[in-house]
Structure formats: structure tokens, C-alpha cells
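Coordinates from target_11.txt are shown below (compact mmCIF, N, CA and C atoms).
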```txt
# COMPACT_ATOMS: atom_id res chain seq x y z
N MET I 1 0.85 -1.19 0.00
CA MET I 1 0.00 0.00 0.00
C MET I 1 0.88 1.24 0.00
N ALA I 2 0.47 2.25 -0.74
CA ALA I 2 1.25 3.48 -0.85
C ALA I 2 1.18 4.28 0.44
N VAL I 3 2.26 4.92 0.74
CA VAL I 3 2.34 5.78 1.92
C VAL I 3 1.84 7.16 1.53
N SER I 4 1.17 7.84 2.45
CA SER I 4 0.68 9.18 2.18
C SER I 4 1.84 10.06 1.70
N GLY I 5 1.63 10.76 0.64
CA GLY I 5 2.67 11.60 0.08
C GLY I 5 3.34 10.97 -1.13
N ASP I 6 3.04 9.70 -1.43
CA ASP I 6 3.57 9.06 -2.62
C ASP I 6 2.74 9.47 -3.82
N PRO I 7 3.37 9.59 -4.98
CA PRO I 7 2.59 9.96 -6.17
C PRO I 7 1.73 8.80 -6.65
N CYS I 8 0.71 9.16 -7.40
CA CYS I 8 -0.08 8.14 -8.09
C CYS I 8 0.77 7.57 -9.22
N ASP I 9 0.52 6.33 -9.58
CA ASP I 9 1.19 5.69 -10.70
C ASP I 9 0.71 6.39 -11.98
N ILE I 10 1.63 6.92 -12.76
CA ILE I 10 1.25 7.71 -13.94
C ILE I 10 1.35 6.92 -15.25
N ASN I 11 1.59 5.62 -15.17
CA ASN I 11 1.75 4.83 -16.39
C ASN I 11 0.52 4.87 -17.30
N LYS I 12 -0.67 4.89 -16.73
CA LYS I 12 -1.90 4.87 -17.54
C LYS I 12 -2.18 6.20 -18.24
N VAL I 13 -1.51 7.27 -17.86
CA VAL I 13 -1.73 8.56 -18.51
C VAL I 13 -0.62 8.92 -19.49
N GLN I 14 0.45 8.16 -19.47
CA GLN I 14 1.62 8.52 -20.28
C GLN I 14 1.33 8.56 -21.78
N ASP I 15 0.56 7.61 -22.30
CA ASP I 15 0.25 7.61 -23.74
C ASP I 15 -0.44 8.90 -24.16
N GLU I 16 -1.41 9.36 -23.35
CA GLU I 16 -2.12 10.61 -23.69
C GLU I 16 -1.18 11.81 -23.58
N LEU I 17 -0.28 11.80 -22.61
CA LEU I 17 0.69 12.90 -22.50
C LEU I 17 1.60 12.91 -23.72
N ASP I 18 2.01 11.74 -24.20
CA ASP I 18 2.85 11.67 -25.40
C ASP I 18 2.11 12.20 -26.62
N LYS I 19 0.82 11.86 -26.75
CA LYS I 19 0.01 12.33 -27.88
C LYS I 19 -0.15 13.85 -27.86
N LEU I 20 -0.13 14.42 -26.67
CA LEU I 20 -0.32 15.86 -26.54
C LEU I 20 0.76 16.66 -27.27
N MET I 21 1.95 16.07 -27.40
CA MET I 21 3.06 16.76 -28.06
C MET I 21 2.76 17.10 -29.51
N SER I 22 1.87 16.37 -30.16
CA SER I 22 1.54 16.67 -31.55
C SER I 22 0.08 17.11 -31.72
N ALA I 23 -0.59 17.38 -30.62
CA ALA I 23 -1.99 17.80 -30.67
C ALA I 23 -2.10 19.27 -31.05
N PRO I 24 -3.25 19.68 -31.55
CA PRO I 24 -3.45 21.09 -31.85
C PRO I 24 -3.55 21.93 -30.57
N ALA I 25 -3.31 23.22 -30.72
CA ALA I 25 -3.43 24.15 -29.58
C ALA I 25 -4.83 24.05 -28.99
N GLY I 26 -4.91 24.17 -27.69
CA GLY I 26 -6.19 24.13 -27.01
C GLY I 26 -6.61 22.73 -26.58
N THR I 27 -5.77 21.74 -26.82
CA THR I 27 -6.07 20.38 -26.39
C THR I 27 -5.54 20.20 -24.98
N GLY I 28 -6.32 19.56 -24.15
CA GLY I 28 -5.88 19.31 -22.78
C GLY I 28 -6.25 17.92 -22.32
N VAL I 29 -5.37 17.35 -21.51
CA VAL I 29 -5.60 16.05 -20.90
C VAL I 29 -5.93 16.29 -19.43
N VAL I 30 -7.12 15.86 -19.02
CA VAL I 30 -7.56 16.03 -17.64
C VAL I 30 -7.24 14.74 -16.89
N ILE I 31 -6.46 14.87 -15.82
CA ILE I 31 -5.98 13.70 -15.07
C ILE I 31 -6.56 13.74 -13.66
N LYS I 32 -7.11 12.60 -13.27
CA LYS I 32 -7.66 12.44 -11.93
C LYS I 32 -6.83 11.40 -11.19
N CYS I 33 -6.52 11.67 -9.93
CA CYS I 33 -5.81 10.70 -9.10
C CYS I 33 -6.81 9.92 -8.27
N ASN I 34 -6.68 8.61 -8.27
CA ASN I 34 -7.53 7.76 -7.45
C ASN I 34 -6.79 7.48 -6.15
N GLY I 35 -7.32 7.99 -5.05
CA GLY I 35 -6.66 7.86 -3.76
C GLY I 35 -6.63 6.43 -3.23
N LYS I 36 -7.58 5.60 -3.65
CA LYS I 36 -7.62 4.22 -3.16
C LYS I 36 -6.61 3.33 -3.89
N THR I 37 -6.56 3.46 -5.22
CA THR I 37 -5.66 2.61 -6.00
C THR I 37 -4.31 3.26 -6.25
N ARG I 38 -4.21 4.55 -5.96
CA ARG I 38 -2.99 5.34 -6.20
C ARG I 38 -2.60 5.30 -7.68
N GLU I 39 -3.61 5.40 -8.55
CA GLU I 39 -3.38 5.47 -9.97
C GLU I 39 -3.86 6.80 -10.50
N ALA I 40 -3.10 7.35 -11.44
CA ALA I 40 -3.54 8.52 -12.17
C ALA I 40 -4.26 8.02 -13.42
N LEU I 41 -5.44 8.57 -13.69
CA LEU I 41 -6.24 8.13 -14.82
C LEU I 41 -6.63 9.31 -15.68
N VAL I 42 -6.71 9.10 -16.98
CA VAL I 42 -7.19 10.14 -17.88
C VAL I 42 -8.69 10.21 -17.71
N GLU I 43 -9.16 11.35 -17.23
CA GLU I 43 -10.59 11.55 -17.06
C GLU I 43 -11.24 12.01 -18.35
N ASP I 44 -10.51 12.83 -19.11
CA ASP I 44 -11.06 13.36 -20.35
C ASP I 44 -9.95 13.98 -21.18
N VAL I 45 -10.16 14.05 -22.47
CA VAL I 45 -9.31 14.81 -23.39
C VAL I 45 -10.25 15.79 -24.07
N ILE I 46 -9.99 17.07 -23.86
CA ILE I 46 -10.91 18.12 -24.31
C ILE I 46 -10.13 19.16 -25.10
N SER I 47 -10.78 19.75 -26.08
CA SER I 47 -10.20 20.86 -26.83
C SER I 47 -11.06 22.09 -26.65
N GLY I 48 -10.40 23.24 -26.56
CA GLY I 48 -11.13 24.49 -26.46
C GLY I 48 -10.29 25.60 -25.88
N ALA I 49 -10.81 26.80 -25.99
CA ALA I 49 -10.16 27.95 -25.38
C ALA I 49 -10.11 27.74 -23.87
N PRO I 50 -9.16 28.36 -23.19
CA PRO I 50 -9.01 28.13 -21.75
C PRO I 50 -10.30 28.26 -20.94
N SER I 51 -11.04 29.35 -21.12
CA SER I 51 -12.25 29.54 -20.31
C SER I 51 -13.30 28.48 -20.63
N GLU I 52 -13.41 28.07 -21.90
CA GLU I 52 -14.34 27.01 -22.27
C GLU I 52 -13.87 25.67 -21.71
N PHE I 53 -12.56 25.47 -21.72
CA PHE I 53 -11.98 24.23 -21.24
C PHE I 53 -12.34 23.98 -19.78
N VAL I 54 -12.25 25.01 -18.96
CA VAL I 54 -12.56 24.89 -17.53
C VAL I 54 -14.00 24.43 -17.35
N GLU I 55 -14.91 25.01 -18.10
CA GLU I 55 -16.32 24.63 -17.98
C GLU I 55 -16.55 23.22 -18.50
N ASP I 56 -16.02 22.92 -19.70
CA ASP I 56 -16.24 21.61 -20.32
C ASP I 56 -15.67 20.48 -19.48
N ALA I 57 -14.53 20.73 -18.83
CA ALA I 57 -13.88 19.69 -18.02
C ALA I 57 -14.44 19.63 -16.60
N GLY I 58 -15.29 20.56 -16.23
CA GLY I 58 -15.87 20.56 -14.89
C GLY I 58 -14.82 20.75 -13.80
N LEU I 59 -13.93 21.71 -13.99
CA LEU I 59 -12.81 21.88 -13.07
C LEU I 59 -13.14 22.69 -11.82
N HIS I 60 -14.31 23.31 -11.76
CA HIS I 60 -14.67 24.09 -10.58
C HIS I 60 -14.88 23.16 -9.39
N GLY I 61 -14.15 23.42 -8.31
CA GLY I 61 -14.32 22.66 -7.08
C GLY I 61 -13.71 21.27 -7.09
N GLU I 62 -12.88 20.96 -8.08
CA GLU I 62 -12.28 19.63 -8.18
C GLU I 62 -10.76 19.72 -8.17
N ASN I 63 -10.11 18.75 -7.59
CA ASN I 63 -8.66 18.59 -7.73
C ASN I 63 -8.43 17.81 -9.01
N ARG I 64 -7.71 18.40 -9.94
CA ARG I 64 -7.37 17.74 -11.19
C ARG I 64 -6.04 18.29 -11.68
N LEU I 65 -5.32 17.46 -12.41
CA LEU I 65 -4.14 17.91 -13.13
C LEU I 65 -4.54 18.02 -14.59
N VAL I 66 -4.07 19.08 -15.24
CA VAL I 66 -4.37 19.28 -16.66
C VAL I 66 -3.07 19.58 -17.39
N ALA I 67 -2.80 18.78 -18.40
CA ALA I 67 -1.71 19.06 -19.32
C ALA I 67 -2.36 19.72 -20.53
N TYR I 68 -1.97 20.96 -20.82
CA TYR I 68 -2.67 21.77 -21.83
C TYR I 68 -1.68 22.21 -22.91
N ARG I 69 -2.06 22.00 -24.15
CA ARG I 69 -1.23 22.39 -25.31
C ARG I 69 -1.53 23.84 -25.65
N CYS I 70 -0.48 24.64 -25.74
CA CYS I 70 -0.65 26.07 -25.99
C CYS I 70 0.58 26.59 -26.72
N GLY I 71 0.73 27.90 -26.76
CA GLY I 71 1.89 28.52 -27.37
C GLY I 71 2.72 29.22 -26.30
N TRP I 72 4.02 29.38 -26.58
CA TRP I 72 4.94 30.05 -25.66
C TRP I 72 5.67 31.14 -26.42
N ARG I 73 5.60 32.35 -25.90
CA ARG I 73 6.29 33.48 -26.53
C ARG I 73 7.77 33.40 -26.19
N LEU I 74 8.59 33.35 -27.22
CA LEU I 74 10.04 33.28 -27.00
C LEU I 74 10.51 34.61 -26.43
N PRO I 75 11.05 34.61 -25.22
CA PRO I 75 11.37 35.87 -24.53
C PRO I 75 12.39 36.76 -25.26
N GLN I 76 13.39 36.17 -25.89
CA GLN I 76 14.43 36.98 -26.53
C GLN I 76 14.17 37.23 -28.02
N ASP I 77 13.03 36.85 -28.53
CA ASP I 77 12.74 37.01 -29.94
C ASP I 77 11.92 38.29 -30.15
N PRO I 78 12.54 39.32 -30.73
CA PRO I 78 11.82 40.60 -30.90
C PRO I 78 10.66 40.52 -31.89
N SER I 79 10.61 39.47 -32.69
CA SER I 79 9.52 39.35 -33.66
C SER I 79 8.22 38.88 -33.00
N GLY I 80 8.31 38.43 -31.74
CA GLY I 80 7.11 37.95 -31.06
C GLY I 80 6.73 36.54 -31.44
N ARG I 81 7.69 35.78 -31.95
CA ARG I 81 7.42 34.41 -32.38
C ARG I 81 6.85 33.57 -31.24
N VAL I 82 5.94 32.69 -31.59
CA VAL I 82 5.30 31.79 -30.63
C VAL I 82 5.58 30.36 -31.06
N ASP I 83 6.11 29.56 -30.14
CA ASP I 83 6.36 28.14 -30.40
C ASP I 83 5.34 27.29 -29.66
N PRO I 84 5.08 26.09 -30.17
CA PRO I 84 4.20 25.18 -29.44
C PRO I 84 4.80 24.83 -28.07
N ALA I 85 3.93 24.66 -27.09
CA ALA I 85 4.38 24.32 -25.74
C ALA I 85 3.25 23.60 -25.01
N GLN I 86 3.57 23.12 -23.84
CA GLN I 86 2.59 22.50 -22.96
C GLN I 86 2.79 23.06 -21.56
N VAL I 87 1.71 23.24 -20.84
CA VAL I 87 1.81 23.60 -19.43
C VAL I 87 1.09 22.53 -18.62
N LEU I 88 1.56 22.32 -17.41
CA LEU I 88 0.92 21.40 -16.49
C LEU I 88 0.32 22.23 -15.37
N VAL I 89 -0.97 22.08 -15.16
CA VAL I 89 -1.66 22.90 -14.18
C VAL I 89 -2.38 21.99 -13.18
N TRP I 90 -2.18 22.28 -11.90
CA TRP I 90 -2.93 21.59 -10.85
C TRP I 90 -4.06 22.50 -10.43
N PHE I 91 -5.29 22.10 -10.71
CA PHE I 91 -6.46 22.85 -10.29
C PHE I 91 -6.83 22.38 -8.89
N ARG I 92 -6.80 23.31 -7.95
CA ARG I 92 -7.15 23.03 -6.55
C ARG I 92 -8.36 23.87 -6.19
N PRO I 93 -9.32 23.31 -5.46
CA PRO I 93 -10.49 24.10 -5.07
C PRO I 93 -10.19 24.98 -3.86
N GLY I 94 -9.43 26.03 -4.07
CA GLY I 94 -9.12 26.98 -3.00
C GLY I 94 -7.87 26.62 -2.23
N ASP I 95 -7.44 27.55 -1.40
CA ASP I 95 -6.22 27.34 -0.63
C ASP I 95 -6.40 26.35 0.51
N ASP I 96 -7.63 25.99 0.81
CA ASP I 96 -7.87 25.10 1.94
C ASP I 96 -8.10 23.65 1.51
N THR I 97 -7.42 23.24 0.42
CA THR I 97 -7.53 21.87 -0.05
C THR I 97 -7.10 20.92 1.07
N HIS I 98 -7.87 19.88 1.27
CA HIS I 98 -7.57 18.91 2.33
C HIS I 98 -6.15 18.37 2.14
N ILE I 99 -5.44 18.19 3.23
CA ILE I 99 -4.04 17.78 3.20
C ILE I 99 -3.84 16.46 2.46
N GLU I 100 -4.80 15.54 2.56
CA GLU I 100 -4.66 14.26 1.85
C GLU I 100 -4.69 14.47 0.33
N MET I 101 -5.49 15.42 -0.13
CA MET I 101 -5.51 15.72 -1.57
C MET I 101 -4.18 16.34 -1.99
N THR I 102 -3.66 17.21 -1.15
CA THR I 102 -2.37 17.83 -1.44
C THR I 102 -1.29 16.76 -1.50
N ARG I 103 -1.32 15.82 -0.58
CA ARG I 103 -0.32 14.74 -0.54
C ARG I 103 -0.49 13.75 -1.68
N LEU I 104 -1.61 13.80 -2.35
CA LEU I 104 -1.87 12.94 -3.50
C LEU I 104 -1.50 13.64 -4.81
N TYR I 105 -1.98 14.86 -4.99
CA TYR I 105 -1.81 15.55 -6.27
C TYR I 105 -0.43 16.19 -6.45
N TYR I 106 0.12 16.79 -5.42
CA TYR I 106 1.42 17.46 -5.58
C TYR I 106 2.52 16.46 -5.98
N PRO I 107 2.68 15.33 -5.28
CA PRO I 107 3.72 14.38 -5.71
C PRO I 107 3.45 13.79 -7.10
N THR I 108 2.19 13.66 -7.46
CA THR I 108 1.86 13.15 -8.79
C THR I 108 2.26 14.16 -9.85
N MET I 109 2.00 15.43 -9.60
CA MET I 109 2.42 16.49 -10.51
C MET I 109 3.94 16.45 -10.67
N GLN I 110 4.67 16.29 -9.58
CA GLN I 110 6.13 16.23 -9.63
C GLN I 110 6.60 15.00 -10.41
N ALA I 111 5.92 13.87 -10.26
CA ALA I 111 6.29 12.65 -10.99
C ALA I 111 6.10 12.85 -12.49
N ILE I 112 5.01 13.51 -12.88
CA ILE I 112 4.78 13.80 -14.30
C ILE I 112 5.88 14.71 -14.83
N LEU I 113 6.23 15.73 -14.06
CA LEU I 113 7.28 16.64 -14.49
C LEU I 113 8.63 15.94 -14.60
N GLN I 114 8.91 15.06 -13.67
CA GLN I 114 10.18 14.36 -13.68
C GLN I 114 10.28 13.42 -14.89
N ARG I 115 9.22 12.70 -15.18
CA ARG I 115 9.25 11.77 -16.30
C ARG I 115 9.21 12.49 -17.64
N ASN I 116 8.55 13.64 -17.69
CA ASN I 116 8.35 14.37 -18.94
C ASN I 116 9.01 15.74 -18.88
N GLY I 117 10.20 15.81 -18.32
CA GLY I 117 10.87 17.08 -18.07
C GLY I 117 10.94 18.03 -19.24
N SER I 118 11.24 17.52 -20.42
CA SER I 118 11.37 18.42 -21.57
C SER I 118 10.01 18.82 -22.14
N MET I 119 8.96 18.15 -21.73
CA MET I 119 7.64 18.44 -22.28
C MET I 119 7.06 19.75 -21.74
N PHE I 120 7.27 20.01 -20.47
CA PHE I 120 6.64 21.17 -19.83
C PHE I 120 7.69 22.21 -19.48
N LYS I 121 7.44 23.44 -19.89
CA LYS I 121 8.33 24.53 -19.51
C LYS I 121 8.08 24.93 -18.06
N ARG I 122 6.83 24.92 -17.65
CA ARG I 122 6.48 25.32 -16.28
C ARG I 122 5.26 24.54 -15.82
N ALA I 123 5.12 24.51 -14.50
CA ALA I 123 3.92 23.93 -13.89
C ALA I 123 3.32 24.99 -12.99
N PHE I 124 2.01 24.98 -12.88
CA PHE I 124 1.29 25.99 -12.11
C PHE I 124 0.28 25.32 -11.19
N THR I 125 -0.07 26.04 -10.14
CA THR I 125 -1.19 25.67 -9.29
C THR I 125 -2.21 26.79 -9.39
N VAL I 126 -3.43 26.44 -9.69
CA VAL I 126 -4.50 27.42 -9.85
C VAL I 126 -5.60 27.09 -8.83
N THR I 127 -5.88 28.04 -7.95
CA THR I 127 -6.92 27.80 -6.95
C THR I 127 -8.29 28.32 -7.38
N ASP I 128 -8.32 29.16 -8.40
CA ASP I 128 -9.58 29.66 -8.92
C ASP I 128 -9.61 29.41 -10.42
N PRO I 129 -10.35 28.41 -10.89
CA PRO I 129 -10.36 28.07 -12.31
C PRO I 129 -10.73 29.22 -13.24
N SER I 130 -11.44 30.23 -12.73
CA SER I 130 -11.80 31.36 -13.59
C SER I 130 -10.57 32.16 -14.01
N PHE I 131 -9.43 31.96 -13.33
CA PHE I 131 -8.19 32.64 -13.73
C PHE I 131 -7.58 32.02 -14.98
N PHE I 132 -7.97 30.80 -15.33
CA PHE I 132 -7.41 30.08 -16.47
C PHE I 132 -8.07 30.61 -17.74
N ASP I 133 -7.57 31.77 -18.20
CA ASP I 133 -8.14 32.42 -19.38
C ASP I 133 -7.01 33.03 -20.20
N ASP I 134 -7.36 33.71 -21.29
CA ASP I 134 -6.34 34.30 -22.16
C ASP I 134 -5.42 35.25 -21.41
N ALA I 135 -5.98 36.06 -20.50
CA ALA I 135 -5.17 37.03 -19.75
C ALA I 135 -4.14 36.31 -18.87
N TRP I 136 -4.54 35.21 -18.25
CA TRP I 136 -3.62 34.43 -17.42
C TRP I 136 -2.47 33.89 -18.27
N PHE I 137 -2.81 33.38 -19.46
CA PHE I 137 -1.77 32.87 -20.36
C PHE I 137 -0.80 33.98 -20.73
N GLU I 138 -1.32 35.12 -21.13
CA GLU I 138 -0.47 36.25 -21.53
C GLU I 138 0.44 36.69 -20.38
N LYS I 139 -0.11 36.77 -19.19
CA LYS I 139 0.67 37.19 -18.02
C LYS I 139 1.84 36.25 -17.75
N ASN I 140 1.67 34.98 -18.08
CA ASN I 140 2.70 33.99 -17.81
C ASN I 140 3.57 33.67 -19.03
N GLY I 141 3.45 34.47 -20.10
CA GLY I 141 4.30 34.30 -21.28
C GLY I 141 3.78 33.28 -22.27
N TYR I 142 2.56 32.85 -22.09
CA TYR I 142 1.97 31.86 -22.99
C TYR I 142 0.82 32.49 -23.75
N THR I 143 0.34 31.76 -24.73
CA THR I 143 -0.82 32.17 -25.48
C THR I 143 -1.65 30.92 -25.76
N PRO I 144 -2.97 31.03 -25.79
CA PRO I 144 -3.81 29.85 -26.01
C PRO I 144 -3.62 29.19 -27.38
N SER I 145 -2.93 29.88 -28.29
CA SER I 145 -2.75 29.30 -29.62
C SER I 145 -1.30 29.48 -30.06
N PHE I 146 -0.96 28.81 -31.14
CA PHE I 146 0.38 28.97 -31.74
C PHE I 146 0.28 28.89 -33.24
```

Any chance you could put this one into C-alpha cells?
Amino acid sequence: MAVSGDPCDINKVQDELDKLMSAPAGTGVVIKCNGKTREALVEDVISGAPSEFVEDAGLHGENRLVAYRCGWRLPQDPSGRVDPAQVLVWFRPGDDTHIEMTRLYYPTMQAILQRNGSMFKRAFTVTDPSFFDDAWFEKNGYTPSF
């Protein structure tokens, strides 16, 4: 049995994460951790603008990890070029997430980052899903499209 604080097994989500590398912008993989089996499972694969994605995936009030395909503005490129990228986002229902959920999702997020290090430029934690919109992407150097 897994000890509290161990990540969920991410083997069942790896194929979808690999497919994300060639997916169109706006595609996201919604990952749910099962606390009983300690497995990470693909809950859904959804495409859409960030604000639509949050609604379609039902992310309000839920702990979920989302790997989202988007664009990244190259910081030193004066032309404003945008390259394809992926971000990993942990949606938490507020700052008062139960400690057991934190001990389940945070290590799982770290395991995904460790296995797929070159895939994600950054990982984020979002406590209010309504922040996951075009303005949030722009503020963090990303864009919903490429």
C-alpha cells in the first residue's frame, strides 16, 4: 500500500501525454488521481479555449491535473514568435484543499514533471479556475494558440 505523500502511478496517462506533443493548440488532458488505488487516470481529453476548457472539463471545485497544449512566446525574440508548448496545471479548489488531496496531487504532478521534463516549460497551481483564461496565459508568457 502506498504511503501518504507518494505519487499516483502515472503509467496509464503517459500515452495521452505523449500524444499531446503533436496535438493542436487548445487540447488538454484532464488527469484524476484515485486515492484508493494510487493510480492517475485520464478523465477526459478536451479541446477548447481556456475559459471554455474549464467549464467543459468541470474543473470548478475539483482537484485535477491538466496538461494543456498552448503557445509560448520566445522571450528573446523581438519578432514575437510563438512556439508550441505545454503547461501542467494543478487545479485546486481553494487554498484550503484537504491535506490528503495535497499529498496525493502534488507528488503526482512532480512525478509527471520528472518523467516528462522536456515536455513542460512550467507547472502551475490554480486555486480559482476562472483565472485560467487568455489574460492568465499572456501574463505567464503563454498564449492559447500557436

Problem set entry | Trp72 (chain I) environment, 8 Å, only N, CA and C atoms, sequence neighbours closer than 4 positions dropped, as an MDAnalysis selection string | chainID I and resid 80:86 140:146

For this session: Have a look at I:Leu74, I:Ala135, I:Cys33, I:Val13 and name the one nearest to Thr102 (chain I); count only C-alpha atoms.
Result: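 Of all the options, I:Cys33 lies closest to Thr102 (chain I).
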
Which residues come within 5 Å of Ala25 (chain I), counting all atoms listed in the file, excluding same-chain residues fewer than 2 positions away, as a compact mmCIF listing (two decimals) with N, CA and C atoms, in the coordinates of the input?
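File around-v2.txt, as written:
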```
# COMPACT_ATOMS: atom_id res chain seq x y z
N ALA I 23 -0.59 17.38 -30.62
CA ALA I 23 -1.99 17.80 -30.67
C ALA I 23 -2.10 19.27 -31.05
N THR I 27 -5.77 21.74 -26.82
CA THR I 27 -6.07 20.38 -26.39
C THR I 27 -5.54 20.20 -24.98
N ARG I 69 -2.06 22.00 -24.15
CA ARG I 69 -1.23 22.39 -25.31
C ARG I 69 -1.53 23.84 -25.65
N CYS I 70 -0.48 24.64 -25.74
CA CYS I 70 -0.65 26.07 -25.99
C CYS I 70 0.58 26.59 -26.72
```

Exercise. Could you work out how far atom N of Asp6 (chain I) lies from atom N of Val30 (chain I), giving the answer in Å with one decimal?
Worked result: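 Taking atom N of Val30 (chain I) and atom N of Asp6 (chain I), their separation equals 21.2 Å.
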
For this session: Please check which residues have atoms at most 6.5 Å from (-7.2, 23.8, -12.5) in the file's coordinates, counting all atoms listed in the file, and write them as an MDAnalysis selection string.
Result: chainID I and resid 59 64 66 89:92 126:129

Exercise. Pick from I:Met109, I:Ser51, I:Leu41, I:Asp56: nearest to Asn11 (chain I), with only N, CA and C atoms counted?
Worked result: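 The answer is I:Leu41, which sits nearest to Asn11 (chain I).
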
For this session: Measure the distance from atom N of Gln76 (chain I) to atom N of Leu88 (chain I) in Å and round it to one decimal.
Result: 20.1 Å

For Lys12 (chain I), find every residue with an atom within 12 Å (counting only C-alpha atoms), except residues of its own chain fewer than 3 positions away, and show them as a PDB file with N, CA and C atoms, keeping the file's coordinate frame.
```
ATOM      1  N   CYS I   8       0.710   9.160  -7.400  1.00  0.00           N
ATOM      2  CA  CYS I   8      -0.080   8.140  -8.090  1.00  0.00           C
ATOM      3  C   CYS I   8       0.770   7.570  -9.220  1.00  0.00           C
ATOM      4  N   ASP I   9       0.520   6.330  -9.580  1.00  0.00           N
ATOM      5  CA  ASP I   9       1.190   5.690 -10.700  1.00  0.00           C
ATOM      6  C   ASP I   9       0.710   6.390 -11.980  1.00  0.00           C
ATOM      7  N   ASP I  15       0.560   7.610 -22.300  1.00  0.00           N
ATOM      8  CA  ASP I  15       0.250   7.610 -23.740  1.00  0.00           C
ATOM      9  C   ASP I  15      -0.440   8.900 -24.160  1.00  0.00           C
ATOM     10  N   GLU I  16      -1.410   9.360 -23.350  1.00  0.00           N
ATOM     11  CA  GLU I  16      -2.120  10.610 -23.690  1.00  0.00           C
ATOM     12  C   GLU I  16      -1.180  11.810 -23.580  1.00  0.00           C
ATOM     13  N   LEU I  17      -0.280  11.800 -22.610  1.00  0.00           N
ATOM     14  CA  LEU I  17       0.690  12.900 -22.500  1.00  0.00           C
ATOM     15  C   LEU I  17       1.600  12.910 -23.720  1.00  0.00           C
ATOM     16  N   ASP I  18       2.010  11.740 -24.200  1.00  0.00           N
ATOM     17  CA  ASP I  18       2.850  11.670 -25.400  1.00  0.00           C
ATOM     18  C   ASP I  18       2.110  12.200 -26.620  1.00  0.00           C
ATOM     19  N   ILE I  31      -6.460  14.870 -15.820  1.00  0.00           N
ATOM     20  CA  ILE I  31      -5.980  13.700 -15.070  1.00  0.00           C
ATOM     21  C   ILE I  31      -6.560  13.740 -13.660  1.00  0.00           C
ATOM     22  N   LYS I  32      -7.110  12.600 -13.270  1.00  0.00           N
ATOM     23  CA  LYS I  32      -7.660  12.440 -11.930  1.00  0.00           C
ATOM     24  C   LYS I  32      -6.830  11.400 -11.190  1.00  0.00           C
ATOM     25  N   CYS I  33      -6.520  11.670  -9.930  1.00  0.00           N
ATOM     26  CA  CYS I  33      -5.810  10.700  -9.100  1.00  0.00           C
ATOM     27  C   CYS I  33      -6.810   9.920  -8.270  1.00  0.00           C
ATOM     28  N   ASN I  34      -6.680   8.610  -8.270  1.00  0.00           N
ATOM     29  CA  ASN I  34      -7.530   7.760  -7.450  1.00  0.00           C
ATOM     30  C   ASN I  34      -6.790   7.480  -6.150  1.00  0.00           C
ATOM     31  N   ARG I  38      -4.210   4.550  -5.960  1.00  0.00           N
ATOM     32  CA  ARG I  38      -2.990   5.340  -6.200  1.00  0.00           C
ATOM     33  C   ARG I  38      -2.600   5.300  -7.680  1.00  0.00           C
ATOM     34  N   GLU I  39      -3.610   5.400  -8.550  1.00  0.00           N
ATOM     35  CA  GLU I  39      -3.380   5.470  -9.970  1.00  0.00           C
ATOM     36  C   GLU I  39      -3.860   6.800 -10.500  1.00  0.00           C
ATOM     37  N   ALA I  40      -3.100   7.350 -11.440  1.00  0.00           N
ATOM     38  CA  ALA I  40      -3.540   8.520 -12.170  1.00  0.00           C
ATOM     39  C   ALA I  40      -4.260   8.020 -13.420  1.00  0.00           C
ATOM     40  N   LEU I  41      -5.440   8.570 -13.690  1.00  0.00           N
ATOM     41  CA  LEU I  41      -6.240   8.130 -14.820  1.00  0.00           C
ATOM     42  C   LEU I  41      -6.630   9.310 -15.680  1.00  0.00           C
ATOM     43  N   VAL I  42      -6.710   9.100 -16.980  1.00  0.00           N
ATOM     44  CA  VAL I  42      -7.190  10.140 -17.880  1.00  0.00           C
ATOM     45  C   VAL I  42      -8.690  10.210 -17.710  1.00  0.00           C
ATOM     46  N   GLU I  43      -9.160  11.350 -17.230  1.00  0.00           N
ATOM     47  CA  GLU I  43     -10.590  11.550 -17.060  1.00  0.00           C
ATOM     48  C   GLU I  43     -11.240  12.010 -18.350  1.00  0.00           C
ATOM     49  N   ILE I 112       5.010  13.510 -12.880  1.00  0.00           N
ATOM     50  CA  ILE I 112       4.780  13.800 -14.300  1.00  0.00           C
ATOM     51  C   ILE I 112       5.880  14.710 -14.830  1.00  0.00           C
TER      52      ILE I 112
END
```

Problem set entry | Members of chain I assigned alpha helix (DSSP H) by DSSP, as a PyMOL selection string | chain I and resi 14-20+50-57+99-115+134-139

Problem set entry | Option closest in space to Arg122 (chain I), from I:Gly5, I:Val87, I:Val54, I:Gly28 [counting only N, CA and C atoms] | I:Val87

Exercise. In Å, with one decimal, what is the gap from atom N of Met101 (chain I) to CA of Val45 (chain I)?
Worked result: 23.6 Å

Listed atoms of region 20-39 of chain I boxed axis-aligned with 6 Å per side, centre + edges as JSON:
```
{"center_x": -2.3, "center_y": 13.4, "center_z": -17.5, "size_x": 22.7, "size_y": 33.6, "size_z": 40.7}
```

Supply region 43-48 of chain I as a tab-separated table (two decimals), keeping the file's coordinate frame, with N, CA, C and O atoms built in where the input has gaps.
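Just written: selection_0.tsv:
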```tsv
chain	number	residue	atom	x	y	z
I	43	GLU	N	-9.16	11.35	-17.23
I	43	GLU	CA	-10.59	11.55	-17.06
I	43	GLU	C	-11.24	12.01	-18.35
I	43	GLU	O	-12.36	11.64	-18.67
I	44	ASP	N	-10.51	12.83	-19.11
I	44	ASP	CA	-11.06	13.36	-20.35
I	44	ASP	C	-9.95	13.98	-21.18
I	44	ASP	O	-8.90	14.37	-20.65
I	45	VAL	N	-10.16	14.05	-22.47
I	45	VAL	CA	-9.31	14.81	-23.39
I	45	VAL	C	-10.25	15.79	-24.07
I	45	VAL	O	-11.21	15.39	-24.71
I	46	ILE	N	-9.99	17.07	-23.86
I	46	ILE	CA	-10.91	18.12	-24.31
I	46	ILE	C	-10.13	19.16	-25.10
I	46	ILE	O	-8.97	19.43	-24.81
I	47	SER	N	-10.78	19.75	-26.08
I	47	SER	CA	-10.20	20.86	-26.83
I	47	SER	C	-11.06	22.09	-26.65
I	47	SER	O	-12.28	22.00	-26.60
I	48	GLY	N	-10.40	23.24	-26.56
I	48	GLY	CA	-11.13	24.49	-26.46
I	48	GLY	C	-10.29	25.60	-25.88
I	48	GLY	O	-9.20	25.36	-25.35
```
